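Listing of run-v2.cif, mmCIF, C-alpha atoms
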data_work
#
loop_
_atom_site.label_atom_id
_atom_site.label_comp_id
_atom_site.auth_asym_id
_atom_site.auth_seq_id
_atom_site.Cartn_x
_atom_site.Cartn_y
_atom_site.Cartn_z
CA MET N 162 -33.52 25.37 -26.27
CA THR N 163 -31.99 28.84 -25.94
CA ARG N 164 -32.30 30.52 -22.60
CA THR N 165 -33.79 34.00 -22.55
CA THR N 166 -32.87 34.94 -19.00
CA ALA N 167 -29.62 35.28 -17.09
CA ALA N 168 -31.12 34.05 -13.82
CA PRO N 169 -29.43 30.93 -12.43
CA ARG N 170 -31.17 27.61 -12.99
CA ASN N 171 -30.52 26.46 -9.45
CA LYS N 172 -31.62 28.83 -6.72
CA ASP N 173 -30.83 28.53 -3.04
CA LEU N 174 -33.73 27.66 -0.80
CA ILE N 175 -31.67 28.86 2.13
CA PRO N 176 -28.01 29.89 2.14
CA GLY N 177 -25.97 26.79 1.30
CA VAL N 178 -28.95 24.55 0.36
CA PRO N 179 -29.75 24.61 -3.40
CA ARG N 180 -33.14 23.68 -4.81
CA PHE N 181 -31.84 20.98 -7.19
CA SER N 182 -29.16 18.39 -6.43
CA ARG N 183 -25.94 18.00 -8.36
CA ALA N 184 -27.34 15.02 -10.29
CA ALA N 185 -30.51 16.93 -11.19
CA MET N 186 -28.50 19.88 -12.51
CA TYR N 187 -26.39 17.54 -14.61
CA GLY N 188 -29.55 16.38 -16.36
CA LYS N 189 -30.80 19.91 -16.84
CA ARG N 190 -27.60 21.08 -18.52
CA GLY N 191 -27.82 18.35 -21.14
CA ASN N 192 -24.09 17.73 -21.26
CA ARG N 193 -24.68 14.02 -21.65
CA LYS N 194 -26.23 14.60 -25.09
CA ASP N 195 -23.00 15.96 -26.50
CA ARG N 196 -20.96 12.90 -25.56
CA GLN N 197 -20.50 10.08 -28.02
CA TRP N 198 -21.35 6.99 -26.04
CA LYS N 199 -20.05 3.77 -27.52
CA PRO N 200 -21.62 0.50 -26.43
CA VAL N 201 -19.25 -2.02 -24.91
CA GLN N 202 -19.60 -5.54 -26.15
CA ALA N 203 -19.24 -8.39 -23.71
CA LYS N 204 -16.32 -10.77 -24.20
CA ASN N 205 -17.27 -14.12 -25.70
CA ASP N 206 -20.82 -12.88 -26.16
CA LYS N 207 -22.82 -15.78 -27.52
CA ALA N 208 -25.97 -15.10 -29.40
CA ILE N 209 -28.94 -16.28 -27.39
CA ALA N 210 -31.35 -18.25 -29.61
CA GLU N 211 -34.94 -17.14 -29.40
CA PRO N 212 -37.33 -19.80 -28.12
CA THR N 213 -39.17 -21.72 -30.84
CA PRO N 214 -42.95 -21.93 -30.52
CA VAL N 215 -44.49 -25.44 -30.40
CA VAL N 216 -47.55 -26.37 -32.50
CA LYS N 217 -49.87 -29.02 -30.98
CA ASP N 218 -53.26 -30.51 -31.76
CA PHE N 219 -56.14 -28.94 -29.87
CA ASN N 220 -59.83 -29.85 -30.30
CA GLY N 221 -59.42 -30.95 -33.91
CA GLY N 222 -57.26 -27.96 -34.80
CA LYS N 223 -53.81 -26.63 -34.23
CA ARG N 224 -52.62 -24.49 -31.37
CA THR N 225 -49.34 -22.66 -31.08
CA ILE N 226 -47.84 -22.76 -27.62
CA LEU N 227 -45.23 -20.12 -26.87
CA PRO N 228 -42.55 -20.99 -24.33
CA LYS N 229 -42.85 -19.36 -20.95
CA ALA N 230 -40.56 -16.54 -20.04
CA PRO N 231 -37.90 -17.40 -17.46
CA LYS N 232 -38.84 -16.64 -13.89
CA TRP N 233 -35.46 -15.12 -13.07
CA TYR N 234 -33.17 -13.01 -15.18
CA PRO N 235 -29.61 -14.25 -15.82
CA ALA N 236 -27.12 -13.40 -13.12
CA GLU N 237 -24.43 -12.27 -15.55
CA ASP N 238 -23.90 -8.56 -15.24
CA LEU N 239 -23.39 -6.40 -18.26
CA PRO N 240 -19.89 -5.02 -18.78
CA SER N 241 -19.12 -1.65 -17.33
CA ARG N 242 -19.23 1.30 -19.67
CA ARG N 243 -16.00 2.73 -18.31
CA ALA N 244 -13.02 0.53 -17.52
CA VAL N 245 -11.62 0.99 -14.02
CA VAL N 246 -7.90 1.66 -14.24
CA LYS N 247 -6.03 1.37 -10.96
CA PRO N 248 -2.74 3.23 -10.68
CA ALA N 249 0.33 1.05 -10.68
CA LYS N 250 2.29 0.81 -7.45
CA LYS N 251 5.38 2.99 -7.54
CA GLN N 252 8.41 2.60 -5.36
CA GLN N 253 8.80 5.34 -2.81
CA LYS N 254 11.39 7.89 -3.85
CA LEU N 255 14.50 7.98 -1.71
CA ARG N 256 15.31 11.27 -0.01
CA SER N 257 18.17 13.15 -1.60
CA ASN N 258 20.15 13.40 1.66
CA ILE N 259 20.15 9.60 2.16
CA VAL N 260 22.83 7.69 0.28
CA PRO N 261 24.30 4.21 0.86
CA GLY N 262 26.54 4.48 3.91
CA SER N 263 24.71 7.41 5.51
CA VAL N 264 24.38 7.38 9.28
CA LEU N 265 20.71 7.71 10.26
CA VAL N 266 19.10 8.45 13.60
CA LEU N 267 16.04 6.29 14.32
CA LEU N 268 13.08 8.22 15.74
CA SER N 269 10.64 5.41 16.52
CA GLY N 270 10.50 1.75 17.41
CA HIS N 271 12.47 -0.37 19.83
CA PHE N 272 15.78 1.19 18.76
CA ALA N 273 14.66 4.83 18.86
CA GLY N 274 17.63 7.14 19.35
CA ARG N 275 20.13 4.69 17.89
CA ARG N 276 22.47 5.68 15.08
CA VAL N 277 22.50 3.12 12.26
CA VAL N 278 24.16 2.71 8.87
CA PHE N 279 21.98 2.76 5.75
CA LEU N 280 22.68 -0.08 3.29
CA LYS N 281 20.06 0.04 0.52
CA GLN N 282 16.40 0.64 -0.27
CA LEU N 283 14.16 -2.40 -0.65
CA GLU N 284 11.38 -2.87 -3.20
CA SER N 285 8.72 -1.86 -0.66
CA GLY N 286 10.43 1.51 -0.22
CA LEU N 287 11.69 0.71 3.28
CA LEU N 288 15.33 1.26 4.21
CA LEU N 289 17.65 -1.61 5.11
CA VAL N 290 19.88 -0.55 8.03
CA THR N 291 22.23 -2.12 10.53
CA GLY N 292 23.82 -0.92 13.79
CA PRO N 293 26.25 -2.63 13.46
CA TYR N 294 24.99 -5.07 16.05
CA LYS N 295 28.32 -5.33 17.86
CA ILE N 296 28.41 -1.56 18.47
CA ASN N 297 24.90 -0.57 19.49
CA GLY N 298 22.86 -3.80 19.41
CA CYS N 299 20.74 -2.88 16.36
CA PRO N 300 20.48 -5.83 13.94
CA LEU N 301 19.56 -5.85 10.27
CA ARG N 302 16.09 -4.35 10.04
CA ARG N 303 13.74 -2.32 7.88
CA VAL N 304 12.75 1.25 8.74
CA ASN N 305 10.55 3.88 7.15
CA GLN N 306 12.47 6.90 5.91
CA ALA N 307 9.80 9.16 7.40
CA TYR N 308 11.01 8.19 10.90
CA VAL N 309 14.73 8.80 10.50
CA ILE N 310 17.04 11.82 10.61
CA ALA N 311 19.69 11.77 7.90
CA THR N 312 23.09 13.02 9.09
CA SER N 313 26.04 14.25 7.06
CA THR N 314 28.23 11.45 8.46
CA THR N 315 28.85 8.57 6.07
CA VAL N 316 30.58 5.21 6.29
CA ASP N 317 32.48 3.68 3.39
CA ILE N 318 30.47 0.56 2.55
CA SER N 319 32.06 -0.10 -0.85
CA GLY N 320 33.43 -3.35 0.55
CA VAL N 321 30.10 -4.47 2.03
CA ASN N 322 28.33 -7.23 0.11
CA VAL N 323 24.65 -7.41 1.07
CA PRO N 324 23.30 -10.94 0.38
CA GLU N 325 20.62 -11.14 -2.29
CA ASN N 326 18.30 -13.10 -0.02
CA ILE N 327 17.86 -10.07 2.26
CA ASN N 328 14.65 -8.58 0.88
CA ASP N 329 11.15 -7.85 2.12
CA ALA N 330 10.27 -11.55 2.30
CA TYR N 331 13.35 -12.08 4.49
CA PHE N 332 11.73 -10.09 7.31
CA LYS N 333 8.27 -11.64 7.02
CA ARG N 334 7.14 -13.24 10.25
CA PRO N 335 6.05 -16.90 10.20
CA ALA N 336 2.37 -17.69 10.59
CA GLN N 337 1.35 -18.05 14.22
CA GLU N 338 -1.23 -20.42 15.60
CA LYS N 339 -4.45 -19.01 16.96
CA LYS N 340 -4.50 -18.57 20.70
CA GLY N 341 -6.87 -20.73 22.69
CA ARG N 342 -8.71 -19.89 25.85
CA PHE N 343 -7.31 -17.62 28.50
CA PHE N 344 -6.69 -20.36 31.02
CA ASP N 345 -4.97 -22.76 28.63
CA ASN N 346 -1.61 -23.75 30.06
CA LYS N 347 0.16 -23.90 26.72
CA GLU N 348 3.62 -22.45 26.59
CA GLU N 349 4.12 -19.89 23.86
CA ALA N 350 6.94 -20.51 21.43
CA LYS N 351 9.84 -18.13 21.97
CA ASN N 352 11.31 -16.14 19.14
CA VAL N 353 14.61 -17.77 18.25
CA VAL N 354 17.04 -16.11 15.85
CA SER N 355 17.93 -18.57 13.10
CA ASP N 356 21.50 -19.47 12.21
CA GLN N 357 20.95 -18.00 8.76
CA ARG N 358 20.22 -14.56 10.21
CA LYS N 359 23.24 -14.75 12.47
CA ALA N 360 25.46 -15.59 9.51
CA ASP N 361 24.01 -12.77 7.39
CA GLN N 362 24.42 -10.30 10.25
CA GLN N 363 28.04 -11.26 10.77
CA SER N 364 28.90 -11.12 7.07
CA VAL N 365 27.49 -7.60 6.71
CA ASP N 366 28.86 -6.20 9.98
CA THR N 367 32.39 -7.54 9.44
CA ALA N 368 33.02 -5.24 6.48
CA ILE N 369 31.34 -2.26 8.17
CA LEU N 370 33.36 -2.66 11.36
CA ALA N 371 36.56 -2.64 9.31
CA ALA N 372 35.51 0.67 7.70
CA VAL N 373 34.47 2.16 11.07
CA LYS N 374 37.85 1.24 12.58
CA ASN N 375 39.66 3.43 10.03
CA VAL N 376 37.81 6.60 11.18
CA SER N 377 38.71 7.89 14.62
CA GLY N 378 35.75 8.52 16.92
CA LEU N 379 33.22 6.92 14.56
CA ARG N 380 32.75 3.84 16.74
CA GLU N 381 31.92 6.00 19.77
CA TYR N 382 29.59 8.14 17.64
CA LEU N 383 27.58 5.10 16.48
CA GLY N 384 27.44 3.68 20.00
CA ALA N 385 26.10 6.89 21.59
CA ARG N 386 22.33 7.34 21.82
CA PHE N 387 20.82 10.48 20.32
CA ALA N 388 18.85 12.62 22.80
CA LEU N 389 17.84 16.24 23.30
CA THR N 390 18.37 18.32 26.40
CA LYS N 391 16.70 21.49 27.56
CA GLY N 392 17.14 24.33 25.11
CA GLN N 393 17.99 22.12 22.12
CA PHE N 394 15.69 22.18 19.08
CA PRO N 395 16.03 19.69 16.19
CA HIS N 396 15.00 22.21 13.51
CA ALA N 397 17.88 24.48 14.55
CA MET N 398 20.51 21.74 14.40
CA VAL N 399 22.80 20.69 11.60
CA PHE N 400 23.17 16.92 11.46
#
Spit out the file's structure as structure tokens when you get a sec.
Amino acid sequence: MTRTTAAPRNKDLIPGVPRFSRAAMYGKRGNRKDRQWKPVQAKNDKAIAEPTPVVKDFNGGKRTILPKAPKWYPAEDLPSRRAVVKPAKKQQKLRSNIVPGSVLVLLSGHFAGRRVVFLKQLESGLLLVTGPYKINGCPLRRVNQAYVIATSTTVDISGVNVPENINDAYFKRPAQEKKGRFFDNKEEAKNVVSDQRKADQQSVDTAILAAVKNVSGLREYLGARFALTKGQFPHAMVF
């Protein structure tokens, strides 16, 4: 039907409150009629046989008895008209100023303010870093690149061989038992560093310490904690 007036279909009852809802206006526009809807067939759709009427004797004649309709409808839902497509998980892009061997300043967590050496990016997008542990006490750990400051200082880690078993599953905590009542006198198990972690830490830090030893002042730089004093502003600094 062709409109003969330029007045809007949907008028405001009061400023900001239209007369018809968004769904009602969609029906009024008739856009759905222009679309070519295609029915979606269910997978492994088996043809349902129609019930067969039964003929029985009744008072000297014949009577056809139709089967009763089911009391409940089948619980199988019809397939959706539009398939739901979820976006695939993408690995977080590494910042351009972070390269293997870069010295990073941690901004959060237990080791906030420590300077660490970046090794590689894991599949989850987190950064694998180390202190080394012998210099500033920071072990192998994962950090989010949103909570680090990338500096221009780099360490030559070409001779560092990161074991393949150090991945996201390597840092997963073991399942803990549920705690009982408050007054239970059960001793909690202490966190003990495994021998495997100690060996991995030593193998990675040995090569890094050899590279740090070749640069004068680098060991003291990694061991010093980053902090700001009065009148210093991070956005005005060059790292």
Extract, using all atoms listed in the file, all DNA, RNA and protein residues at most 12 Å from Pro335 of chain N, discarding same-chain residues fewer than 2 positions from it, and format them as a ChimeraX atom specification. /N:330-333,337-338,350,352-353
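Here atom CA of Leu283 of chain N stands at a distance of 28.3 Å from atom CA of Asn375 of chain N.
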Please provide the set of residues having any atom within 10 Å of segment 247-256 of chain N, restricted to all atoms listed in the file, with same-chain residues fewer than 3 positions apart removed, written as a PyMOL selection string. chain N and resi 244+259-260+281-288+306-307+311
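The spacing separating atom CA of Leu280 of chain N from atom CA of Val321 of chain N amounts to 8.7 Å.
For the pair atom CA of Leu301 of chain N and atom CA of Gln362 of chain N, the interatomic distance is 6.6 Å.
Shortest separation to Ile310 of chain N among N:Arg358, N:Lys229, N:Lys223, N:His396 occurs at residue N:His396, atoms counted being all atoms listed in the file.
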Take the PyMOL selection byres ((chain N and resi 214) around 8), run it mentally on this structure, and tell me the resulting residues as an NGL selection string. :N and (212-213 or 215-216 or 225-228)
Given the file shown, determine the residues that the PyMOL selection byres ((chain N and resi 266) around 10) selects; report them as an MDAnalysis selection string. chainID N and resid 263:265 267:269 272:278 308:312 383 386:387 400
Using all atoms listed in the file, which residues sit within 9 Å of Asn322 of chain N once same-chain residues fewer than 4 positions away are excluded, as a PyMOL selection string? chain N and resi 318+364-365+368
Would you kindly identify which residues have an atom no farther than 12 Å from (32.8, 5.8, 11.9), using all atoms listed in the file and the file's own coordinates, and write them out as a ChimeraX atom specification? /N:262-264,276-278,292-293,296,313-318,369-385
Nearby residues (all atoms listed in the file) at most 12 Å from Ser182 of chain N, same-chain spacing under 4 positions excluded, as a PDB file with C-alpha atoms, keeping the file's coordinate frame:
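Writing done, so here's around27.pdb:
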ATOM      1  CA  ARG N 170     -31.170  27.610 -12.990  1.00  0.00           C
ATOM      2  CA  ASN N 171     -30.520  26.460  -9.450  1.00  0.00           C
ATOM      3  CA  LYS N 172     -31.620  28.830  -6.720  1.00  0.00           C
ATOM      4  CA  ASP N 173     -30.830  28.530  -3.040  1.00  0.00           C
ATOM      5  CA  LEU N 174     -33.730  27.660  -0.800  1.00  0.00           C
ATOM      6  CA  GLY N 177     -25.970  26.790   1.300  1.00  0.00           C
ATOM      7  CA  VAL N 178     -28.950  24.550   0.360  1.00  0.00           C
ATOM      8  CA  MET N 186     -28.500  19.880 -12.510  1.00  0.00           C
ATOM      9  CA  TYR N 187     -26.390  17.540 -14.610  1.00  0.00           C
ATOM     10  CA  GLY N 188     -29.550  16.380 -16.360  1.00  0.00           C
ATOM     11  CA  LYS N 189     -30.800  19.910 -16.840  1.00  0.00           C
TER      12      LYS N 189
END
Some atoms are missing, so please complete segment 324-335 of chain N with N, CA, C and O atoms and return it as a PDB file, in the coordinates of the input.
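The resulting file, part-v6.pdb, is reproduced below:
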ATOM      1  N   PRO N 324      23.831  -9.736   1.048  1.00  0.00           N
ATOM      2  CA  PRO N 324      23.300 -10.940   0.380  1.00  0.00           C
ATOM      3  C   PRO N 324      22.005 -10.657  -0.360  1.00  0.00           C
ATOM      4  O   PRO N 324      21.191  -9.823   0.046  1.00  0.00           O
ATOM      5  N   GLU N 325      21.809 -11.354  -1.479  1.00  0.00           N
ATOM      6  CA  GLU N 325      20.620 -11.140  -2.290  1.00  0.00           C
ATOM      7  C   GLU N 325      19.346 -11.639  -1.607  1.00  0.00           C
ATOM      8  O   GLU N 325      18.252 -11.198  -1.944  1.00  0.00           O
ATOM      9  N   ASN N 326      19.495 -12.567  -0.672  1.00  0.00           N
ATOM     10  CA  ASN N 326      18.300 -13.100  -0.020  1.00  0.00           C
ATOM     11  C   ASN N 326      17.710 -12.143   1.013  1.00  0.00           C
ATOM     12  O   ASN N 326      16.619 -12.387   1.523  1.00  0.00           O
ATOM     13  N   ILE N 327      18.389 -11.047   1.308  1.00  0.00           N
ATOM     14  CA  ILE N 327      17.860 -10.070   2.260  1.00  0.00           C
ATOM     15  C   ILE N 327      16.949  -9.116   1.496  1.00  0.00           C
ATOM     16  O   ILE N 327      17.402  -8.166   0.850  1.00  0.00           O
ATOM     17  N   ASN N 328      15.668  -9.394   1.529  1.00  0.00           N
ATOM     18  CA  ASN N 328      14.650  -8.580   0.880  1.00  0.00           C
ATOM     19  C   ASN N 328      13.458  -8.457   1.816  1.00  0.00           C
ATOM     20  O   ASN N 328      13.558  -8.749   3.013  1.00  0.00           O
ATOM     21  N   ASP N 329      12.333  -8.012   1.279  1.00  0.00           N
ATOM     22  CA  ASP N 329      11.150  -7.850   2.120  1.00  0.00           C
ATOM     23  C   ASP N 329      10.633  -9.181   2.650  1.00  0.00           C
ATOM     24  O   ASP N 329      10.147  -9.264   3.775  1.00  0.00           O
ATOM     25  N   ALA N 330      10.724 -10.232   1.839  1.00  0.00           N
ATOM     26  CA  ALA N 330      10.270 -11.550   2.300  1.00  0.00           C
ATOM     27  C   ALA N 330      11.182 -12.099   3.398  1.00  0.00           C
ATOM     28  O   ALA N 330      10.763 -12.950   4.183  1.00  0.00           O
ATOM     29  N   TYR N 331      12.395 -11.620   3.467  1.00  0.00           N
ATOM     30  CA  TYR N 331      13.350 -12.080   4.490  1.00  0.00           C
ATOM     31  C   TYR N 331      12.884 -11.712   5.887  1.00  0.00           C
ATOM     32  O   TYR N 331      13.143 -12.430   6.854  1.00  0.00           O
ATOM     33  N   PHE N 332      12.172 -10.585   6.011  1.00  0.00           N
ATOM     34  CA  PHE N 332      11.730 -10.090   7.310  1.00  0.00           C
ATOM     35  C   PHE N 332      10.280 -10.468   7.625  1.00  0.00           C
ATOM     36  O   PHE N 332       9.737 -10.010   8.634  1.00  0.00           O
ATOM     37  N   LYS N 333       9.655 -11.261   6.777  1.00  0.00           N
ATOM     38  CA  LYS N 333       8.270 -11.640   7.020  1.00  0.00           C
ATOM     39  C   LYS N 333       8.192 -12.626   8.176  1.00  0.00           C
ATOM     40  O   LYS N 333       8.950 -13.601   8.236  1.00  0.00           O
ATOM     41  N   ARG N 334       7.269 -12.371   9.082  1.00  0.00           N
ATOM     42  CA  ARG N 334       7.140 -13.240  10.250  1.00  0.00           C
ATOM     43  C   ARG N 334       6.404 -14.523   9.885  1.00  0.00           C
ATOM     44  O   ARG N 334       5.488 -14.508   9.060  1.00  0.00           O
ATOM     45  N   PRO N 335       6.762 -15.643  10.489  1.00  0.00           N
ATOM     46  CA  PRO N 335       6.050 -16.900  10.200  1.00  0.00           C
ATOM     47  C   PRO N 335       4.629 -16.853  10.750  1.00  0.00           C
ATOM     48  O   PRO N 335       4.331 -16.124  11.703  1.00  0.00           O
TER      49      PRO N 335
END
